[in-house]
Each structure stands twice: as C-alpha cells, then as structure tokens.
Amino acid sequence: MPNSISITQFLLLAFADTRKLQLLHFWLFLGIYLAAFLGNGLIITTIACDHRLHNPMYFFLLNISVLELGSISTTLPKAMANSLWNTRVISHSGCAAQVFFFFFCATADFTLLTVMAYDHYIAICQPLLYGTLLGSRACVRMAAAAWGSVFPCAVLHTANTFSLPFCQGNVLEQFFCEVPHILKLSCSHSDYLREVGLLVVSALIGFVCFVFIVVSYVQIFRAVLRIPSEQGQHKAFATCLPHLAVVSLFLSTGMFAYLKPPSISSPVPDLVVSVLYSVVPPTVNPLIYSMRNQELKDKVWKLMTR
C-alpha cells in the first residue's frame, strides 16, 4: 500500500477555465439557487402559516421542501463562491460537512417521497381509512422516523469515508464533495470495499423504496381508471405522474453516480449527472409538487399579495 498523506483541503472540479465562463456559471447558479430558495421558501411559509393546509399531504410536502432546500444549499453556494473567487479549494471539514448534509438530505428526501406515495395510495385506494391511518400523530411519527433513521446512516458514511487513508492526491473530479470521488483517493483496498459495501446496501434500500412506490402507483392507477369522471382521473394522474417521474430521475441518476464502475467514470458525464440529481430536483420541486395544485397556488398568491 502506498504511503498515505495528510490532507487538509481538497480541490473541486472547476466548471470553466476562463474568467468569463466562471462568472457566467456564477450568475447561472445564483439564479437557480434563488429560484429554488424562493419556491421552496414560499411552500414552507404558506403551509406553516395557513391552518387549512395542515393535513398529511401538505405536511409531507413541507418536510420535502425543507430537505430540498437543505440539499441544494449544501452544494451550490460553495460552487458559486469558487466560481466567483476563481478558486477550487474546500477545506477537509467543509468537505466532510458537504458529504454528511447532502447524504442526509437526499436520503431523507427519498424516504419522505416513499411516505408520500403511501399517502397517495391511502387517499385514493382506501379513502375510508385515511383519517385512521394518517392522523396527525401518525404523520409526525412517520416524518420523525424518516429524519431520524437516516441520521446514523449519514454519520456512518461520513465517518467511514474520512477515516480512509488517502494517497492519490487531493483533486476531486466533481463540483462538490461526493463519496465515490473521494474513494478514488483512497489507498486502502479493504477500507474502500467496506465503504462501497455500505453504498451498495444503501442503494438496495433505496431500490426497495422505489419498488414500494411503483407498486403503490400501480394500485393507484388501477383505482383511478375506475373513476367515472374524466376530470377526476385527470386530476389524479396530474398529481401522480410528475411525482413518479421525479422519483425515477432522482433514483436512476443517483444510482449511476454512486454505483457505476470507476472504469467508465469521466468528468463531464459525472458533472452532468450530479447536476441532474443534486440541482434540478430541488429547483423544480415547487413546480411539480405544488404549483400544479390549485389550492396551494391560491394560498401562495394570497400570501404574496398581503
């Protein structure tokens, strides 16, 4: 095993080499970040302030918006700062913080998306049991379980990753600290395989959640097709299909980023995939999950025009 080196900072992947393109990336990501912040912030504020939106669907949507905001706030601000100040540096502790918070937010987000699929299933397929199965206490317990269960997982992945000895330099081929790219710097084969094993287990759990979502929606679509009203069918499909599409995008790009063999890794495709699953979902979350909802649109507009 090569001699390990002490690393106090990492070098992230730059979006561009020329100053004009760096500033262009800064303004582009600033616009994306402000859009995500404004959209999710409006959802959080509207749901929290309007007691008529205090029901299970909006409660889970509020939690998802908080996590989406946390996720994009973990990656984009540092990338924007690096583009603005023409640097690639991130400290060792800053890198560890990015790994922890991004893993925590992304995993809790997907867990709550699974819970939301269950909410949709009960609402459409078992409406008479909705109040019993999804009362306020049950919703709080499910949300707390989603947040609490992923915390030790995030701690475990972060601690295990940064306990590895590094001997391959400190250059990460990614615009934020991501576990697969940090593992490439490791010189301990056994420790590397241990973390890869943890990632595989996490991905399998995510796949089980995805299967649960798909099975839930199969039952939902069967129930929707039995609805005699065409308007009722359209409303149900308009709610379910975008949710399922974002779940599919999130899981497929995440699995590609975390489970692909190192031999097919390349900076440009890796960058595109990472932007897709780390930047796009938090930005389109308000549009897909809530702005298609007329009730929430009216409440948001009322809040903005006070």
# chains A, B, ... in the order shown; residues from 1 in each chain; ligands from 1

call {"tool": "closest_atom_pairs", "arguments": {"of": "stretch 146-255 of chain A", "to": "stretch 98-115 of chain A", "cutoff": "8 Å", "atoms": "only C-alpha atoms", "output": "CSV"}}
result
residue,atom,partner,partner_atom,distance
A:Ala146,CA,A:Ala108,CA,5.7
A:Trp147,CA,A:Ala108,CA,5.7
A:Val150,CA,A:Ala108,CA,6.1
A:Phe151,CA,A:Phe104,CA,6.3
A:Cys153,CA,A:Phe104,CA,7.8
A:Ala154,CA,A:Phe104,CA,5.4
A:Val155,CA,A:Phe100,CA,6.6
A:His157,CA,A:Phe100,CA,7.7
A:Thr158,CA,A:Phe100,CA,5.7
A:Phe176,CA,A:Gln98,CA,7.4
A:Cys177,CA,A:Val99,CA,6.0
A:Glu178,CA,A:Val99,CA,6.1
A:Val179,CA,A:Val99,CA,6.9
A:Gly206,CA,A:Phe110,CA,7.7
A:Cys209,CA,A:Thr114,CA,6.1
A:Phe210,CA,A:Thr114,CA,7.4
A:Phe212,CA,A:Thr114,CA,7.3
A:Ile213,CA,A:Thr114,CA,5.9
A:Val247,CA,A:Leu113,CA,7.5

call {"tool": "write_last_selection", "arguments": {"atoms": "all heavy atoms", "output": "short mmCIF file (atom, residue, chain, number, x, y, z; two decimals), in the first residue's frame"}}
result
data_model
loop_
_atom_site.label_atom_id
_atom_site.label_comp_id
_atom_site.auth_asym_id
_atom_site.auth_seq_id
_atom_site.Cartn_x
_atom_site.Cartn_y
_atom_site.Cartn_z
N ALA A 146 -38.43 9.11 9.33
CA ALA A 146 -37.67 9.38 8.10
C ALA A 146 -36.42 10.21 8.41
O ALA A 146 -35.32 9.92 7.91
CB ALA A 146 -38.55 10.09 7.09
N TRP A 147 -36.58 11.26 9.22
CA TRP A 147 -35.44 12.10 9.57
C TRP A 147 -34.46 11.35 10.47
O TRP A 147 -33.24 11.40 10.27
CB TRP A 147 -35.93 13.37 10.29
CG TRP A 147 -36.59 14.38 9.42
CD1 TRP A 147 -37.84 14.30 8.87
CD2 TRP A 147 -36.06 15.64 9.00
NE1 TRP A 147 -38.11 15.43 8.14
CE2 TRP A 147 -37.05 16.28 8.20
CE3 TRP A 147 -34.85 16.30 9.22
CZ2 TRP A 147 -36.86 17.53 7.62
CZ3 TRP A 147 -34.67 17.55 8.65
CH2 TRP A 147 -35.66 18.15 7.86
N VAL A 150 -32.22 8.20 8.97
CA VAL A 150 -31.11 8.46 8.04
C VAL A 150 -29.94 9.17 8.71
O VAL A 150 -28.83 9.20 8.17
CB VAL A 150 -31.58 9.30 6.83
CG1 VAL A 150 -32.69 8.58 6.09
CG2 VAL A 150 -32.03 10.68 7.24
N PHE A 151 -30.17 9.74 9.90
CA PHE A 151 -29.08 10.45 10.59
C PHE A 151 -27.90 9.52 10.89
O PHE A 151 -26.75 9.85 10.55
CB PHE A 151 -29.60 11.10 11.87
CG PHE A 151 -28.53 11.85 12.64
CD1 PHE A 151 -28.17 13.14 12.28
CD2 PHE A 151 -27.89 11.25 13.71
CE1 PHE A 151 -27.18 13.82 12.98
CE2 PHE A 151 -26.90 11.92 14.42
CZ PHE A 151 -26.55 13.21 14.05
N CYS A 153 -27.12 6.79 9.44
CA CYS A 153 -26.55 6.35 8.15
C CYS A 153 -25.60 7.41 7.60
O CYS A 153 -24.52 7.09 7.10
CB CYS A 153 -27.66 6.07 7.15
SG CYS A 153 -28.75 4.71 7.59
N ALA A 154 -26.02 8.68 7.68
CA ALA A 154 -25.17 9.77 7.18
C ALA A 154 -23.90 9.88 8.01
O ALA A 154 -22.81 10.10 7.47
CB ALA A 154 -25.94 11.09 7.21
N VAL A 155 -24.03 9.72 9.33
CA VAL A 155 -22.85 9.75 10.20
C VAL A 155 -21.90 8.61 9.85
O VAL A 155 -20.67 8.79 9.75
CB VAL A 155 -23.26 9.68 11.69
CG1 VAL A 155 -22.04 9.49 12.58
CG2 VAL A 155 -24.03 10.94 12.10
N HIS A 157 -21.57 6.86 6.98
CA HIS A 157 -20.91 7.05 5.69
C HIS A 157 -19.82 8.13 5.77
O HIS A 157 -18.72 7.95 5.23
CB HIS A 157 -21.94 7.44 4.63
CG HIS A 157 -22.68 6.28 4.05
ND1 HIS A 157 -22.11 5.41 3.16
CD2 HIS A 157 -23.95 5.84 4.24
CE1 HIS A 157 -22.98 4.48 2.81
NE2 HIS A 157 -24.11 4.72 3.46
N THR A 158 -20.12 9.23 6.45
CA THR A 158 -19.15 10.32 6.55
C THR A 158 -17.92 9.89 7.34
O THR A 158 -16.78 10.11 6.91
CB THR A 158 -19.79 11.55 7.20
OG1 THR A 158 -20.97 11.91 6.48
CG2 THR A 158 -18.83 12.73 7.20
N PHE A 176 -18.71 19.19 -6.11
CA PHE A 176 -18.89 19.16 -4.66
C PHE A 176 -18.35 17.83 -4.14
O PHE A 176 -18.05 16.92 -4.91
CB PHE A 176 -20.36 19.35 -4.25
CG PHE A 176 -21.28 18.21 -4.64
CD1 PHE A 176 -21.62 17.24 -3.71
CD2 PHE A 176 -21.82 18.13 -5.91
CE1 PHE A 176 -22.46 16.20 -4.05
CE2 PHE A 176 -22.67 17.09 -6.26
CZ PHE A 176 -22.99 16.12 -5.32
N CYS A 177 -18.20 17.72 -2.84
CA CYS A 177 -17.61 16.50 -2.25
C CYS A 177 -18.63 15.37 -2.30
O CYS A 177 -19.68 15.45 -1.66
CB CYS A 177 -17.18 16.77 -0.82
SG CYS A 177 -15.75 17.86 -0.68
N GLU A 178 -18.30 14.35 -3.04
CA GLU A 178 -19.18 13.21 -3.25
C GLU A 178 -18.40 11.94 -2.95
O GLU A 178 -17.23 11.81 -3.35
CB GLU A 178 -19.70 13.22 -4.69
CG GLU A 178 -20.83 12.28 -4.94
CD GLU A 178 -21.30 12.38 -6.38
OE1 GLU A 178 -20.48 12.66 -7.27
OE2 GLU A 178 -22.51 12.19 -6.62
N VAL A 179 -19.02 11.01 -2.25
CA VAL A 179 -18.32 9.84 -1.74
C VAL A 179 -17.57 9.06 -2.83
O VAL A 179 -16.39 8.73 -2.65
CB VAL A 179 -19.29 8.91 -0.98
CG1 VAL A 179 -18.61 7.59 -0.62
CG2 VAL A 179 -19.78 9.60 0.29
N GLY A 206 -32.75 1.92 -1.05
CA GLY A 206 -33.40 2.88 -1.95
C GLY A 206 -34.21 2.18 -3.03
O GLY A 206 -35.30 2.62 -3.40
N CYS A 209 -37.45 0.99 -1.60
CA CYS A 209 -38.38 2.13 -1.53
C CYS A 209 -38.98 2.42 -2.90
O CYS A 209 -40.18 2.70 -3.03
CB CYS A 209 -37.66 3.37 -1.00
SG CYS A 209 -37.18 3.27 0.74
N PHE A 210 -38.14 2.34 -3.94
CA PHE A 210 -38.61 2.60 -5.29
C PHE A 210 -39.65 1.56 -5.71
O PHE A 210 -40.68 1.90 -6.31
CB PHE A 210 -37.44 2.59 -6.26
CG PHE A 210 -37.82 2.79 -7.70
CD1 PHE A 210 -38.27 4.02 -8.15
CD2 PHE A 210 -37.75 1.75 -8.61
CE1 PHE A 210 -38.64 4.22 -9.47
CE2 PHE A 210 -38.12 1.94 -9.93
CZ PHE A 210 -38.56 3.17 -10.36
N PHE A 212 -41.59 -0.09 -3.71
CA PHE A 212 -42.80 0.23 -2.95
C PHE A 212 -43.59 1.35 -3.63
O PHE A 212 -44.82 1.29 -3.72
CB PHE A 212 -42.42 0.64 -1.52
CG PHE A 212 -43.59 1.04 -0.66
CD1 PHE A 212 -44.32 0.08 0.01
CD2 PHE A 212 -43.96 2.37 -0.55
CE1 PHE A 212 -45.41 0.44 0.80
CE2 PHE A 212 -45.05 2.75 0.23
CZ PHE A 212 -45.77 1.78 0.90
N ILE A 213 -42.87 2.36 -4.11
CA ILE A 213 -43.52 3.47 -4.81
C ILE A 213 -44.21 2.98 -6.07
O ILE A 213 -45.36 3.34 -6.35
CB ILE A 213 -42.50 4.58 -5.13
CG1 ILE A 213 -42.00 5.25 -3.84
CG2 ILE A 213 -43.11 5.62 -6.06
CD1 ILE A 213 -40.86 6.21 -4.05
N VAL A 247 -39.11 10.96 -8.94
CA VAL A 247 -38.54 9.85 -8.18
C VAL A 247 -37.64 9.01 -9.07
O VAL A 247 -36.52 8.62 -8.69
CB VAL A 247 -39.65 8.98 -7.56
CG1 VAL A 247 -39.08 7.68 -7.00
CG2 VAL A 247 -40.36 9.75 -6.45
#

call {"tool": "residues_around", "arguments": {"residues": "stretch 297-306 of chain A", "least_positions_apart": "3", "cutoff": "12 Å", "atoms": "only C-alpha atoms", "output": "VMD selection string"}}
result
chain A and resid 38 to 53 286 to 294

call {"tool": "select_by_dssp", "arguments": {"residues": "stretch 57-279 of chain A", "states": "strand (DSSP E or B)", "output": "list in words"}}
result
Val89, Ile90, Ser91, Phe166, Val171 and Ser186 of chain A

call {"tool": "write_last_selection", "arguments": {"atoms": "all heavy atoms", "output": "PDB file, in the first residue's frame"}}
result
ATOM      1  N   VAL A  89     -10.719  25.416  -3.967  1.00  0.00           N
ATOM      2  CA  VAL A  89     -10.383  24.842  -2.656  1.00  0.00           C
ATOM      3  C   VAL A  89     -11.622  24.669  -1.788  1.00  0.00           C
ATOM      4  O   VAL A  89     -12.508  25.519  -1.748  1.00  0.00           O
ATOM      5  CB  VAL A  89      -9.353  25.739  -1.933  1.00  0.00           C
ATOM      6  CG1 VAL A  89      -9.121  25.251  -0.509  1.00  0.00           C
ATOM      7  CG2 VAL A  89      -8.046  25.767  -2.709  1.00  0.00           C
ATOM      8  N   ILE A  90     -11.665  23.543  -1.079  1.00  0.00           N
ATOM      9  CA  ILE A  90     -12.612  23.321   0.006  1.00  0.00           C
ATOM     10  C   ILE A  90     -11.856  22.636   1.134  1.00  0.00           C
ATOM     11  O   ILE A  90     -11.039  21.744   0.889  1.00  0.00           O
ATOM     12  CB  ILE A  90     -13.824  22.473  -0.436  1.00  0.00           C
ATOM     13  CG1 ILE A  90     -14.843  22.364   0.711  1.00  0.00           C
ATOM     14  CG2 ILE A  90     -13.405  21.095  -0.914  1.00  0.00           C
ATOM     15  CD1 ILE A  90     -16.166  21.722   0.300  1.00  0.00           C
ATOM     16  N   SER A  91     -12.086  23.063   2.361  1.00  0.00           N
ATOM     17  CA  SER A  91     -11.355  22.508   3.497  1.00  0.00           C
ATOM     18  C   SER A  91     -11.786  21.065   3.767  1.00  0.00           C
ATOM     19  O   SER A  91     -12.844  20.610   3.318  1.00  0.00           O
ATOM     20  CB  SER A  91     -11.588  23.357   4.745  1.00  0.00           C
ATOM     21  OG  SER A  91     -12.942  23.277   5.150  1.00  0.00           O
ATOM     22  N   PHE A 166      -5.539   8.471   2.495  1.00  0.00           N
ATOM     23  CA  PHE A 166      -5.512   8.984   1.129  1.00  0.00           C
ATOM     24  C   PHE A 166      -4.071   9.038   0.625  1.00  0.00           C
ATOM     25  O   PHE A 166      -3.180   9.519   1.328  1.00  0.00           O
ATOM     26  CB  PHE A 166      -6.130  10.381   1.059  1.00  0.00           C
ATOM     27  CG  PHE A 166      -7.576  10.422   1.488  1.00  0.00           C
ATOM     28  CD1 PHE A 166      -7.960  11.148   2.611  1.00  0.00           C
ATOM     29  CD2 PHE A 166      -8.540   9.744   0.773  1.00  0.00           C
ATOM     30  CE1 PHE A 166      -9.279  11.188   3.009  1.00  0.00           C
ATOM     31  CE2 PHE A 166      -9.868   9.776   1.167  1.00  0.00           C
ATOM     32  CZ  PHE A 166     -10.240  10.493   2.290  1.00  0.00           C
ATOM     33  N   VAL A 171      -7.323  15.959  -5.461  1.00  0.00           N
ATOM     34  CA  VAL A 171      -8.133  16.527  -6.534  1.00  0.00           C
ATOM     35  C   VAL A 171      -9.381  15.668  -6.745  1.00  0.00           C
ATOM     36  O   VAL A 171      -9.287  14.476  -7.024  1.00  0.00           O
ATOM     37  CB  VAL A 171      -7.335  16.614  -7.851  1.00  0.00           C
ATOM     38  CG1 VAL A 171      -8.222  17.176  -8.965  1.00  0.00           C
ATOM     39  CG2 VAL A 171      -6.096  17.461  -7.665  1.00  0.00           C
ATOM     40  N   SER A 186      -8.405   6.997  -2.109  1.00  0.00           N
ATOM     41  CA  SER A 186      -8.005   6.079  -1.040  1.00  0.00           C
ATOM     42  C   SER A 186      -6.926   5.114  -1.519  1.00  0.00           C
ATOM     43  O   SER A 186      -6.874   4.728  -2.691  1.00  0.00           O
ATOM     44  CB  SER A 186      -9.219   5.286  -0.559  1.00  0.00           C
ATOM     45  OG  SER A 186      -8.831   4.268   0.337  1.00  0.00           O
TER      46      SER A 186
END

call {"tool": "residues_around", "arguments": {"residues": "stretch 236-242 of chain A", "least_positions_apart": "5", "cutoff": "12 Å", "atoms": "only C-alpha atoms", "output": "ChimeraX atom specification"}}
result
/A:57,113,116-121,123-125,213-214,216-227,229-231,247-249,281,284-294

call {"tool": "closest_atom_pairs", "arguments": {"of": "stretch 47-99 of chain A", "to": "stretch 8-24 of chain A", "cutoff": "10 Å", "atoms": "only C-alpha atoms", "output": "CSV"}}
result
residue,atom,partner,partner_atom,distance
A:Lys78,CA,A:Leu12,CA,10.0
A:Ala79,CA,A:Ala14,CA,8.5
A:Met80,CA,A:Leu23,CA,8.9
A:Asn82,CA,A:Ala14,CA,8.0
A:Ser83,CA,A:Gln22,CA,5.1
A:Leu84,CA,A:Leu23,CA,6.0
A:Trp85,CA,A:Gln22,CA,9.0
A:Asn86,CA,A:Gln22,CA,7.4
A:Thr87,CA,A:Ala14,CA,8.1
A:Arg88,CA,A:Leu12,CA,5.0
A:Val89,CA,A:Leu11,CA,4.8
A:Ile90,CA,A:Phe10,CA,5.3
A:Ser91,CA,A:Gln9,CA,4.2
A:His92,CA,A:Gln9,CA,4.7
A:Ser93,CA,A:Gln9,CA,8.2
A:Gly94,CA,A:Gln9,CA,8.6
A:Cys95,CA,A:Phe10,CA,7.5

call {"tool": "write_last_selection", "arguments": {"atoms": "all heavy atoms", "output": "compact mmCIF listing (two decimals), in the first residue's frame"}}
result
# COMPACT_ATOMS: atom_id res chain seq x y z
N LYS A 78 -21.16 26.86 -2.27
CA LYS A 78 -19.71 26.69 -2.37
C LYS A 78 -19.25 26.71 -3.82
O LYS A 78 -18.21 27.32 -4.14
CB LYS A 78 -19.30 25.37 -1.71
CG LYS A 78 -17.79 25.10 -1.73
CD LYS A 78 -17.01 26.21 -1.03
CE LYS A 78 -15.52 25.93 -1.04
NZ LYS A 78 -14.74 27.04 -0.47
N ALA A 79 -20.02 26.08 -4.70
CA ALA A 79 -19.67 26.11 -6.13
C ALA A 79 -19.72 27.53 -6.67
O ALA A 79 -18.85 27.94 -7.46
CB ALA A 79 -20.61 25.20 -6.92
N MET A 80 -20.72 28.31 -6.25
CA MET A 80 -20.82 29.70 -6.69
C MET A 80 -19.65 30.53 -6.17
O MET A 80 -19.07 31.34 -6.90
CB MET A 80 -22.15 30.30 -6.23
CG MET A 80 -23.36 29.76 -6.95
SD MET A 80 -24.88 30.67 -6.55
CE MET A 80 -25.05 30.31 -4.80
N ASN A 82 -16.67 29.49 -5.34
CA ASN A 82 -15.44 29.11 -6.04
C ASN A 82 -15.37 29.73 -7.42
O ASN A 82 -14.30 30.18 -7.87
CB ASN A 82 -15.33 27.59 -6.13
CG ASN A 82 -14.88 26.95 -4.83
OD1 ASN A 82 -14.66 27.65 -3.84
ND2 ASN A 82 -14.76 25.64 -4.82
N SER A 83 -16.50 29.76 -8.13
CA SER A 83 -16.52 30.39 -9.46
C SER A 83 -16.30 31.89 -9.35
O SER A 83 -15.58 32.48 -10.17
CB SER A 83 -17.86 30.12 -10.15
OG SER A 83 -18.01 28.75 -10.45
N LEU A 84 -16.89 32.51 -8.35
CA LEU A 84 -16.76 33.96 -8.19
C LEU A 84 -15.33 34.37 -7.83
O LEU A 84 -14.80 35.35 -8.36
CB LEU A 84 -17.73 34.46 -7.12
CG LEU A 84 -17.74 35.97 -6.85
CD1 LEU A 84 -18.17 36.73 -8.10
CD2 LEU A 84 -18.66 36.29 -5.68
N TRP A 85 -14.71 33.61 -6.94
CA TRP A 85 -13.37 33.97 -6.44
C TRP A 85 -12.25 33.22 -7.16
O TRP A 85 -11.10 33.31 -6.75
CB TRP A 85 -13.28 33.70 -4.94
CG TRP A 85 -14.30 34.46 -4.15
CD1 TRP A 85 -15.35 33.94 -3.45
CD2 TRP A 85 -14.38 35.88 -3.98
NE1 TRP A 85 -16.09 34.94 -2.87
CE2 TRP A 85 -15.51 36.15 -3.18
CE3 TRP A 85 -13.60 36.95 -4.45
CZ2 TRP A 85 -15.88 37.44 -2.81
CZ3 TRP A 85 -13.99 38.24 -4.09
CH2 TRP A 85 -15.10 38.47 -3.29
N ASN A 86 -12.60 32.50 -8.24
CA ASN A 86 -11.60 31.83 -9.06
C ASN A 86 -10.71 30.89 -8.23
O ASN A 86 -9.49 30.98 -8.24
CB ASN A 86 -10.73 32.85 -9.80
CG ASN A 86 -9.85 32.20 -10.86
OD1 ASN A 86 -10.16 31.12 -11.36
ND2 ASN A 86 -8.73 32.85 -11.20
N THR A 87 -11.35 30.01 -7.49
CA THR A 87 -10.62 29.03 -6.68
C THR A 87 -11.33 27.69 -6.76
O THR A 87 -12.48 27.60 -7.21
CB THR A 87 -10.54 29.49 -5.21
OG1 THR A 87 -9.77 28.55 -4.47
CG2 THR A 87 -11.92 29.62 -4.60
N ARG A 88 -10.65 26.65 -6.33
CA ARG A 88 -11.22 25.30 -6.34
C ARG A 88 -11.16 24.67 -4.95
O ARG A 88 -11.56 23.52 -4.78
CB ARG A 88 -10.45 24.42 -7.33
CG ARG A 88 -10.48 24.89 -8.76
CD ARG A 88 -9.49 24.09 -9.61
NE ARG A 88 -9.71 22.65 -9.51
CZ ARG A 88 -8.84 21.75 -9.95
NH1 ARG A 88 -7.70 22.13 -10.51
NH2 ARG A 88 -9.11 20.46 -9.83
N VAL A 89 -10.72 25.42 -3.97
CA VAL A 89 -10.38 24.84 -2.66
C VAL A 89 -11.62 24.67 -1.79
O VAL A 89 -12.51 25.52 -1.75
CB VAL A 89 -9.35 25.74 -1.93
CG1 VAL A 89 -9.12 25.25 -0.51
CG2 VAL A 89 -8.05 25.77 -2.71
N ILE A 90 -11.67 23.54 -1.08
CA ILE A 90 -12.61 23.32 0.01
C ILE A 90 -11.86 22.64 1.13
O ILE A 90 -11.04 21.74 0.89
CB ILE A 90 -13.82 22.47 -0.44
CG1 ILE A 90 -14.84 22.36 0.71
CG2 ILE A 90 -13.40 21.10 -0.91
CD1 ILE A 90 -16.17 21.72 0.30
N SER A 91 -12.09 23.06 2.36
CA SER A 91 -11.36 22.51 3.50
C SER A 91 -11.79 21.07 3.77
O SER A 91 -12.84 20.61 3.32
CB SER A 91 -11.59 23.36 4.74
OG SER A 91 -12.94 23.28 5.15
N HIS A 92 -10.96 20.36 4.53
CA HIS A 92 -11.26 18.98 4.89
C HIS A 92 -12.58 18.91 5.67
O HIS A 92 -13.44 18.06 5.37
CB HIS A 92 -10.11 18.41 5.73
CG HIS A 92 -10.25 16.95 6.06
ND1 HIS A 92 -11.02 16.51 7.11
CD2 HIS A 92 -9.73 15.84 5.48
CE1 HIS A 92 -10.96 15.20 7.17
NE2 HIS A 92 -10.19 14.76 6.19
N SER A 93 -12.76 19.79 6.64
CA SER A 93 -14.00 19.80 7.43
C SER A 93 -15.19 20.23 6.59
O SER A 93 -16.30 19.71 6.75
CB SER A 93 -13.84 20.72 8.65
OG SER A 93 -13.53 22.05 8.24
N GLY A 94 -14.98 21.18 5.68
CA GLY A 94 -16.05 21.61 4.79
C GLY A 94 -16.49 20.49 3.87
O GLY A 94 -17.68 20.33 3.59
N CYS A 95 -15.53 19.71 3.41
CA CYS A 95 -15.83 18.57 2.54
C CYS A 95 -16.63 17.52 3.31
O CYS A 95 -17.62 16.98 2.80
CB CYS A 95 -14.53 17.99 2.00
SG CYS A 95 -14.75 16.76 0.68

call {"tool": "select_by_dssp", "arguments": {"residues": "stretch 71-257 of chain A", "states": "helix (DSSP H, G or I)", "output": "PyMOL selection string"}}
result
chain A and resi 71-85+92-125+127-133+136-162+179-183+189-225+230-257

call {"tool": "closest_residue", "arguments": {"among": "A:Leu251, A:Leu67, A:Ala159, A:Leu28", "to": "A:Leu204", "atoms": "only C-alpha atoms"}}
result
A:Leu251
